[in-house]
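Have a look at work-v1.txt; it's compact mmCIF, C-alpha atoms:
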```txt
# COMPACT_ATOMS: atom_id res chain seq x y z
CA MET A 1 29.75 -22.59 -28.57
CA SER A 2 28.71 -25.67 -26.59
CA SER A 3 25.79 -25.68 -24.17
CA ILE A 4 28.26 -26.50 -21.41
CA GLN A 5 30.26 -23.38 -22.22
CA VAL A 6 27.09 -21.27 -22.33
CA GLY A 7 26.07 -22.61 -18.94
CA ALA A 8 29.50 -21.89 -17.51
CA ASP A 9 29.43 -18.34 -18.88
CA ALA A 10 25.97 -17.76 -17.39
CA GLN A 11 27.11 -19.08 -14.03
CA ALA A 12 30.21 -16.89 -14.10
CA SER A 13 28.06 -13.89 -15.01
CA GLY A 14 25.74 -14.62 -12.12
CA MET A 15 28.65 -14.93 -9.70
CA ALA A 16 30.10 -11.66 -10.94
CA SER A 17 26.76 -9.95 -10.50
CA GLN A 18 26.48 -11.35 -6.98
CA GLY A 19 30.03 -10.24 -6.22
CA MET A 20 29.25 -6.73 -7.40
CA SER A 21 26.11 -6.63 -5.29
CA ASP A 22 27.85 -7.51 -2.04
CA PRO A 23 29.73 -4.17 -1.66
CA ILE A 24 26.54 -2.29 -2.52
CA ARG A 25 24.63 -4.33 0.03
CA THR A 26 27.25 -3.68 2.73
CA LEU A 27 27.34 0.02 1.87
CA ALA A 28 23.52 0.24 2.02
CA LEU A 29 23.33 -1.48 5.42
CA THR A 30 26.13 0.67 6.85
CA GLY A 31 24.61 3.83 5.45
CA PHE A 32 21.19 2.95 6.81
CA ALA A 33 22.61 2.28 10.29
CA LEU A 34 24.24 5.72 10.25
CA TYR A 35 21.05 7.25 8.91
CA LEU A 36 18.99 5.70 11.75
CA GLY A 37 21.47 7.15 14.23
CA LEU A 38 21.01 10.62 12.75
CA VAL A 39 17.20 10.25 12.74
CA GLY A 40 17.30 9.14 16.38
CA MET A 41 19.43 12.15 17.37
CA ALA A 42 17.15 14.50 15.44
CA TRP A 43 14.09 13.08 17.17
CA TRP A 44 15.78 13.41 20.58
CA ALA A 45 16.61 17.05 19.78
CA VAL A 46 13.03 17.77 18.73
CA GLY A 47 11.68 16.21 21.92
CA ARG A 48 14.13 18.11 24.09
CA TRP A 49 14.12 21.58 22.55
CA ALA A 50 11.23 22.00 20.12
CA PRO A 51 7.93 23.23 21.66
CA ASP A 52 4.98 20.85 21.63
CA THR A 53 2.48 23.72 21.36
CA VAL A 54 2.78 26.82 19.19
CA ALA A 55 0.52 29.88 19.23
CA LEU A 56 0.32 31.91 16.03
CA HIS A 57 -1.41 35.10 14.95
CA ILE A 58 -2.46 34.83 11.31
CA LEU A 59 -4.51 37.55 9.60
CA GLY A 60 -5.72 38.82 12.93
CA ARG A 61 -6.76 35.41 14.19
CA HIS A 62 -5.25 33.41 17.05
CA VAL A 63 -4.29 29.87 16.05
CA SER A 64 -2.93 27.31 18.51
CA LEU A 65 -1.21 24.15 17.32
CA SER A 66 -0.78 21.43 19.94
CA ASP A 67 0.75 17.94 20.14
CA LEU A 68 3.30 18.86 17.48
CA HIS A 69 5.65 16.06 18.56
CA GLY A 70 2.95 13.44 18.13
CA LYS A 71 1.86 14.81 14.76
CA LEU A 72 5.46 14.92 13.55
CA PHE A 73 5.98 11.32 14.62
CA SER A 74 2.74 10.01 13.07
CA HIS A 75 3.34 11.78 9.76
CA GLY A 76 7.10 11.41 9.53
CA PHE A 77 7.85 7.92 10.83
CA GLU A 78 6.62 6.14 7.70
CA LEU A 79 8.59 8.39 5.37
CA ALA A 80 11.74 8.69 7.49
CA VAL A 81 12.03 5.15 8.89
CA ILE A 82 9.62 2.53 7.52
CA PHE A 83 10.05 3.24 3.81
CA PRO A 84 13.89 3.43 3.83
CA ALA A 85 14.04 0.34 6.08
CA ILE A 86 12.01 -1.75 3.63
CA LEU A 87 14.20 -0.65 0.72
CA VAL A 88 17.37 -1.61 2.60
CA ILE A 89 15.96 -4.91 3.93
CA GLU A 90 14.81 -5.87 0.46
CA LEU A 91 18.22 -4.94 -0.97
CA SER A 92 20.00 -7.04 1.66
CA ILE A 93 17.84 -10.07 0.74
CA THR A 94 17.55 -9.80 -3.05
CA GLY A 95 20.82 -8.06 -3.88
CA TRP A 96 21.22 -4.90 -5.94
CA ALA A 97 20.31 -6.44 -9.32
CA ASP A 98 16.78 -7.40 -8.29
CA SER A 99 16.04 -4.59 -5.84
CA SER A 100 13.36 -1.89 -5.93
CA LEU A 101 16.07 0.68 -5.22
CA ARG A 102 17.81 -0.17 -8.49
CA ARG A 103 14.53 0.15 -10.40
CA LEU A 104 13.87 3.53 -8.82
CA ALA A 105 17.37 5.05 -8.86
CA ALA A 106 19.29 3.39 -11.70
CA LEU A 107 16.93 1.76 -14.21
CA ARG A 108 14.06 4.20 -13.64
CA THR A 109 11.62 1.75 -15.20
CA PRO A 110 8.34 3.30 -16.45
CA SER A 111 6.26 1.28 -13.98
CA ALA A 112 8.50 2.31 -11.06
CA MET A 113 8.29 5.96 -12.15
CA SER A 114 4.49 5.80 -11.96
CA ASP A 115 4.84 4.31 -8.47
CA LEU A 116 7.26 7.06 -7.45
CA THR A 117 4.94 9.77 -8.79
CA CYS A 118 2.06 8.42 -6.70
CA PHE A 119 4.32 8.24 -3.64
CA ILE A 120 5.35 11.89 -4.05
CA MET A 121 1.72 12.90 -4.50
CA TRP A 122 0.79 11.14 -1.26
CA GLU A 123 3.64 12.65 0.72
CA THR A 124 2.98 16.19 -0.56
CA ARG A 125 -0.78 15.81 0.07
CA LEU A 126 -1.55 16.41 -3.62
CA MET A 127 -3.29 13.04 -3.64
CA SER A 128 -5.59 14.19 -0.82
CA VAL A 129 -6.65 17.13 -2.98
CA ALA A 130 -7.34 14.78 -5.88
CA ILE A 131 -9.32 12.47 -3.57
CA ALA A 132 -11.45 15.36 -2.31
CA LEU A 133 -12.20 16.51 -5.86
CA MET A 134 -12.84 13.13 -7.47
CA THR A 135 -14.90 11.65 -4.63
CA PHE A 136 -16.65 14.94 -3.76
CA GLY A 137 -15.20 14.69 -0.26
CA VAL A 138 -16.96 11.41 0.56
CA ALA A 139 -13.74 9.42 0.90
CA LEU A 140 -12.35 11.95 3.41
CA LEU A 141 -15.06 11.40 6.01
CA SER A 142 -13.67 11.33 9.54
CA ALA A 143 -13.93 7.93 11.20
CA ALA A 144 -14.42 9.63 14.58
CA TRP A 145 -17.27 11.76 13.16
CA VAL A 146 -19.02 8.70 11.69
CA HIS A 147 -18.56 6.79 14.96
CA ASP A 148 -20.18 9.62 16.92
CA ARG A 149 -23.10 9.86 14.46
CA VAL A 150 -23.71 6.10 14.59
CA SER A 151 -23.58 6.16 18.38
CA ALA A 152 -26.04 9.07 18.51
CA LEU A 153 -28.50 7.35 16.16
CA THR A 154 -28.34 3.84 17.61
CA GLY A 155 -27.43 4.46 21.23
CA LEU A 156 -24.64 1.90 20.84
CA SER A 157 -21.08 2.96 21.52
CA LEU A 158 -18.59 0.12 21.31
CA SER A 159 -15.17 1.19 22.47
CA ALA A 160 -11.90 -0.58 23.07
CA ALA A 161 -10.10 2.69 23.74
CA THR A 162 -9.54 1.83 27.41
CA TRP A 163 -7.93 -1.52 26.60
CA PRO A 164 -4.14 -1.92 26.70
CA LEU A 165 -2.54 -0.90 23.41
CA ALA A 166 -1.05 -4.39 23.03
CA LEU A 167 -4.62 -5.76 22.80
CA GLN A 168 -6.15 -2.94 20.81
CA VAL A 169 -3.77 -3.09 17.85
CA PRO A 170 -4.11 -6.86 17.06
CA LEU A 171 -7.89 -6.65 17.48
CA LEU A 172 -8.06 -3.54 15.32
CA PHE A 173 -5.94 -5.26 12.66
CA LEU A 174 -8.29 -8.26 12.66
CA VAL A 175 -11.33 -6.00 12.25
CA PHE A 176 -9.54 -3.82 9.71
CA SER A 177 -8.39 -6.81 7.64
CA PHE A 178 -11.98 -8.16 7.55
CA PHE A 179 -13.32 -4.93 6.07
CA ASP A 180 -10.22 -4.60 3.88
CA TYR A 181 -10.91 -8.07 2.47
CA TRP A 182 -14.45 -7.18 1.39
CA ASN A 183 -13.32 -3.76 0.24
CA HIS A 184 -10.76 -5.47 -1.97
CA ARG A 185 -13.34 -7.89 -3.32
CA LEU A 186 -15.54 -4.90 -4.16
CA ASP A 187 -12.61 -3.25 -5.97
CA HIS A 188 -12.48 -6.29 -8.27
CA TRP A 189 -16.19 -6.06 -9.06
CA ARG A 190 -16.76 -5.04 -12.68
CA TYR A 191 -18.09 -1.60 -11.75
CA PHE A 192 -15.21 -0.62 -9.46
CA TRP A 193 -12.50 -2.41 -11.41
CA PRO A 194 -11.67 0.57 -13.72
CA LEU A 195 -10.42 2.46 -10.65
CA HIS A 196 -8.59 -0.41 -8.98
CA ARG A 197 -7.07 -1.46 -12.32
CA PHE A 198 -4.59 1.43 -12.02
CA HIS A 199 -2.97 -0.38 -9.08
CA HIS A 200 -2.82 -3.68 -10.98
CA ALA A 201 -1.38 -1.95 -14.05
CA ALA A 202 2.09 -2.12 -12.47
CA ASP A 203 3.97 -4.59 -14.65
CA ASP A 204 6.94 -4.88 -12.32
CA PHE A 205 6.74 -4.98 -8.53
CA CYS A 206 8.44 -2.21 -6.58
CA VAL A 207 8.09 -1.37 -2.90
CA LEU A 208 6.32 1.85 -3.93
CA THR A 209 3.64 -0.07 -5.85
CA ALA A 210 1.86 -0.09 -2.48
CA GLY A 211 0.90 3.56 -2.99
CA ARG A 212 -0.14 3.21 -6.63
CA ILE A 213 -3.81 3.88 -5.86
CA HIS A 214 -6.39 5.77 -7.87
CA PRO A 215 -7.55 8.84 -5.90
CA ALA A 216 -11.22 8.17 -6.78
CA LEU A 217 -11.34 4.76 -5.12
CA PHE A 218 -14.69 5.30 -3.36
CA SER A 219 -14.58 1.85 -1.78
CA GLY A 220 -11.70 3.02 0.45
CA ILE A 221 -14.23 4.52 2.85
CA ILE A 222 -14.97 0.96 4.01
CA THR A 223 -11.52 0.40 5.48
CA GLY A 224 -10.96 4.07 6.27
CA VAL A 225 -14.00 4.40 8.50
CA MET A 226 -15.73 1.14 9.38
CA PRO A 227 -13.08 -0.48 11.65
CA ALA A 228 -13.00 2.60 13.90
CA VAL A 229 -16.81 2.77 13.82
CA VAL A 230 -17.12 -0.84 14.93
CA LEU A 231 -14.34 -0.89 17.49
CA GLY A 232 -13.92 2.70 18.70
CA ALA A 233 -10.20 2.27 19.20
CA SER A 234 -7.97 4.93 20.71
CA PRO A 235 -6.09 7.40 18.45
CA GLU A 236 -2.80 5.79 19.50
CA ALA A 237 -4.02 2.35 18.35
CA ILE A 238 -5.21 3.78 15.03
CA VAL A 239 -1.80 5.41 14.46
CA ASP A 240 -0.02 2.14 15.28
CA LEU A 241 -2.34 0.23 12.95
CA GLY A 242 -1.65 2.74 10.18
CA LEU A 243 2.12 2.31 10.57
CA PHE A 244 1.83 -1.49 10.67
CA THR A 245 -0.41 -1.72 7.60
CA ALA A 246 1.84 0.73 5.72
CA LEU A 247 4.83 -1.49 6.56
CA LEU A 248 2.94 -4.61 5.48
CA ARG A 249 1.80 -3.09 2.19
CA TYR A 250 5.38 -2.10 1.37
CA VAL A 251 6.54 -5.63 2.16
CA VAL A 252 3.92 -7.46 0.08
CA HIS A 253 4.77 -5.31 -2.95
CA SER A 254 8.50 -5.87 -2.50
CA ARG A 255 10.63 -8.19 -4.59
CA ILE A 256 11.43 -10.51 -1.67
CA ASP A 257 10.77 -14.05 -2.90
CA SER A 258 9.27 -15.55 0.24
CA ASP A 259 5.93 -16.98 1.34
CA PHE A 260 6.75 -16.41 5.05
CA GLY A 261 5.92 -20.06 5.86
CA TRP A 262 2.93 -20.58 8.15
CA ILE A 263 2.89 -16.87 9.00
CA GLY A 264 2.23 -16.06 5.35
CA ARG A 265 -0.48 -18.71 5.16
CA TYR A 266 -2.46 -17.62 8.23
CA VAL A 267 -1.23 -14.40 9.90
CA VAL A 268 -0.09 -11.77 7.37
CA GLN A 269 0.16 -11.90 3.59
CA SER A 270 3.55 -12.50 1.95
CA PRO A 271 5.14 -11.00 -1.18
CA THR A 272 4.75 -14.19 -3.24
CA HIS A 273 1.08 -14.56 -2.31
CA HIS A 274 0.43 -10.98 -3.31
CA ARG A 275 2.27 -11.42 -6.60
CA LEU A 276 -0.13 -14.27 -7.36
CA HIS A 277 -2.95 -11.81 -6.70
CA HIS A 278 -1.50 -9.48 -9.37
CA ILE A 279 -0.99 -12.24 -11.95
CA LEU A 280 -1.72 -11.26 -15.55
CA ASP A 281 -3.01 -14.63 -16.79
CA ILE A 282 -5.78 -15.64 -14.37
CA SER A 283 -6.58 -18.73 -16.45
CA LYS A 284 -3.61 -20.32 -14.70
CA ALA A 285 -4.47 -19.08 -11.20
CA PRO A 286 -7.83 -17.33 -10.65
CA VAL A 287 -7.55 -14.18 -8.55
CA GLY A 288 -7.34 -14.72 -4.82
CA HIS A 289 -5.30 -13.54 -1.85
CA PHE A 290 -7.43 -10.44 -1.26
CA SER A 291 -6.67 -10.02 2.44
CA LEU A 292 -3.69 -8.70 4.38
CA ALA A 293 -4.69 -11.36 6.93
CA PRO A 294 -4.89 -14.68 5.01
CA ILE A 295 -7.38 -16.12 7.47
CA TRP A 296 -10.19 -14.36 5.59
CA ASP A 297 -9.11 -15.87 2.26
CA HIS A 298 -9.22 -19.31 3.88
CA LEU A 299 -12.65 -18.68 5.39
CA PHE A 300 -14.24 -17.21 2.24
CA GLY A 301 -12.71 -19.55 -0.35
CA THR A 302 -10.21 -17.26 -2.09
CA TRP A 303 -6.99 -18.87 -0.91
CA ARG A 304 -4.94 -19.82 -3.99
CA GLY A 305 -1.76 -21.34 -2.58
CA ASP A 306 1.86 -20.28 -3.02
CA ALA A 307 3.72 -18.75 -5.96
CA ASP A 308 7.06 -17.09 -6.71
CA GLN A 309 8.50 -13.84 -8.04
CA SER A 310 8.76 -15.18 -11.62
CA LEU A 311 5.03 -14.76 -12.29
CA VAL A 312 4.13 -12.17 -14.93
CA ILE A 313 1.93 -9.41 -13.49
CA GLY A 314 -0.11 -6.54 -14.94
CA VAL A 315 -3.36 -5.97 -16.84
CA ALA A 316 -4.42 -6.29 -20.47
CA ALA A 317 -5.54 -2.63 -20.74
CA PRO A 318 -2.82 -0.33 -22.16
CA TYR A 319 -1.09 2.05 -19.72
CA ARG A 320 1.55 4.58 -20.72
CA HIS A 321 3.36 4.40 -17.32
CA GLY A 322 6.05 6.88 -16.42
CA ALA A 323 5.78 10.08 -14.37
CA TRP A 324 2.85 11.56 -16.32
CA ILE A 325 0.00 9.53 -14.83
CA GLY A 326 -2.76 12.11 -15.36
CA PRO A 327 -4.20 10.73 -18.64
CA ASP A 328 -4.40 7.18 -17.25
CA LEU A 329 -6.09 8.37 -14.06
CA TRP A 330 -8.63 10.45 -16.00
CA ARG A 331 -9.40 7.68 -18.50
CA ASP A 332 -10.04 5.18 -15.69
CA TYR A 333 -12.16 7.73 -13.81
CA MET A 334 -14.41 8.38 -16.81
CA GLU A 335 -14.65 4.66 -17.56
CA PHE A 336 -15.83 4.11 -13.98
CA TRP A 337 -18.63 6.69 -14.28
CA ARG A 338 -19.70 5.47 -17.72
CA GLY A 339 -19.90 1.91 -16.49
CA LEU A 340 -21.76 2.85 -13.31
CA TRP A 341 -24.23 5.05 -15.22
CA GLY A 342 -24.78 2.31 -17.77
CA GLY A 343 -25.39 -0.24 -15.05
CA LEU A 344 -27.86 1.99 -13.19
CA THR A 345 -29.85 3.10 -16.23
CA GLY A 346 -29.56 0.06 -18.45
CA ARG A 347 -28.76 2.39 -21.37
CA ALA A 348 -25.29 1.02 -21.81
CA PRO A 349 -23.81 -2.44 -21.27
CA ALA A 350 -22.12 -3.07 -17.96
CA PRO A 351 -18.32 -2.99 -18.05
CA ALA A 352 -16.82 -6.18 -19.34
CA ALA A 353 -15.24 -8.47 -16.78
CA ALA A 354 -11.63 -7.38 -16.38
CA VAL A 355 -8.63 -9.63 -16.88
CA SER A 356 -7.89 -9.54 -13.16
CA THR A 357 -11.48 -9.83 -11.99
CA PRO A 358 -12.72 -13.08 -10.42
CA SER A 359 -15.84 -14.62 -11.88
```
Rendering of file as structure tokens:
Amino acid sequence: MSSIQVGADAQASGMASQGMSDPIRTLALTGFALYLGLVGMAWWAVGRWAPDTVALHILGRHVSLSDLHGKLFSHGFELAVIFPAILVIELSITGWADSSLRRLAALRTPSAMSDLTCFIMWETRLMSVAIALMTFGVALLSAAWVHDRVSALTGLSLSAATWPLALQVPLLFLVFSFFDYWNHRLDHWRYFWPLHRFHHAADDFCVLTAGRIHPALFSGIITGVMPAVVLGASPEAIVDLGLFTALLRYVVHSRIDSDFGWIGRYVVQSPTHHRLHHILDISKAPVGHFSLAPIWDHLFGTWRGDADQSLVIGVAAPYRHGAWIGPDLWRDYMEFWRGLWGGLTGRAPAPAAAVSTPS
């Protein structure tokens, strides 16, 4: 068969694939529009008829639950709106063949199944239990509690809580992204890398890769607590920041092949920049793009330019992938403690520099 014929067949195959994806894309967009309508009606019904405060008597004790509407919104909006929206937006841009939805629902790739398992563990709060056990509760410290203790000890109490929400959220994101940048750099340090490596073990991007996080990631206290300690933002601003960063993390782990232009270079990270961060062969492009706000990569010398979705990602260490993630999590956890103990005592060599660790 001639090369011309092969090329023609490939082109025809691509056109057929695109043609097949269009009905799926239309169906997904239509279905999502109807779904949003149902979610909106359900939320209206909750606000109109469901009580915002409930008093219960449990085992002889009086328990009062207040602000139920706000709690439902803060906990349910990401799951009910943000996550489905990203899946549908990605599908509408990439088409069915290259979508995360296909990898999760049809192909059920091992890497995507690990991502899905982590997502379910987060949503069912099983991951919070694992975090409490593996970090001895340290990573669950309340930001408000730490802020109050720092204020009591130093006499300083910075607070932007009285500022308009439209000013609080961008400022809080700037402060958050600064600490997140250095937190991420710490994760790539040889001692913390065994825990962060679980996230980089994904060998195929999926929207849910955003939640593929080891529960013993002690460094998370930096971004979980410090921004609120420094700024003292209002609870509403912290909720809005949480929703925005969740949305952004889903987007940067999506399969959308875009660098977002100047926005991706200076304002928020893009999917192609983050894929370059996950690259397997760092001899071609040393690790960079650590920040959700690229300005910090520019300022601290870790900006690495643009890339595309064809880059191979992953780590050299073997991972079984799939739904049973327990053995991988435990192995990485023990490797972390062995490396840290060896580094502190000098009785064992420090962990070797990881494939995805900058020099």
List as CSV every residue of segment 256-359 of chain A that is in contact with segment 200-222 of chain A, defined as an atom at most 7 Å from one of its atoms (using only C-alpha atoms), together with the nearest atom pair and the distance in Å rounded to one decimal, sorted by chain and then rising number.
```
residue,atom,partner,partner_atom,distance
A:His278,CA,A:His200,CA,6.2
A:Ile313,CA,A:Asp203,CA,5.4
A:Gly314,CA,A:Asp203,CA,4.5
A:Val315,CA,A:Ala201,CA,5.3
A:Tyr319,CA,A:Ala201,CA,6.9
A:Leu329,CA,A:His214,CA,6.7
```
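Take the candidates A:Arg48, A:Arg249, A:Arg61, A:Arg125 and check each one against His75 of chain A using all atoms listed in the file; the shortest distance goes to A:Arg125.
If you count only C-alpha atoms and ignore residues fewer than 3 places along the chain from Leu101 of chain A, what sits within 9 Å of it is A:Leu87, A:Val88, A:Glu90, A:Leu91, A:Trp96, A:Asp98, A:Leu104, A:Ala105, A:Ala106, A:Cys206, A:Val207.
Minimum distance to Thr223 of chain A across A:Ser92, A:Thr245, A:Thr124, A:Gln269 (counting all atoms listed in the file) occurs at A:Thr245.
If you measure from each of A:Trp303, A:Leu68, A:Tyr191, A:Ala55 to Leu344 of chain A using all atoms listed in the file, the closest one turns out to be A:Tyr191.
Of the residues listed (A:Phe260, A:Tyr181, A:Trp193, A:Phe77), A:Tyr181 shows the shortest atom-to-atom separation from Phe300 of chain A; distances use only C-alpha atoms.
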Worksheet entry | Surrounding residues of Ile93 of chain A excluding itself and chain neighbours under 4 positions, 9 Å, all atoms listed in the file, as a ChimeraX atom specification | /A:25,88-89,99,256-257
Practice prompt. Pick out the closest residue to Pro84 of chain A from this set: A:Ile238, A:Ala28, A:Met41, A:Val129. Count all atoms listed in the file.
Written response: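 The closest residue to Pro84 of chain A is A:Ala28.
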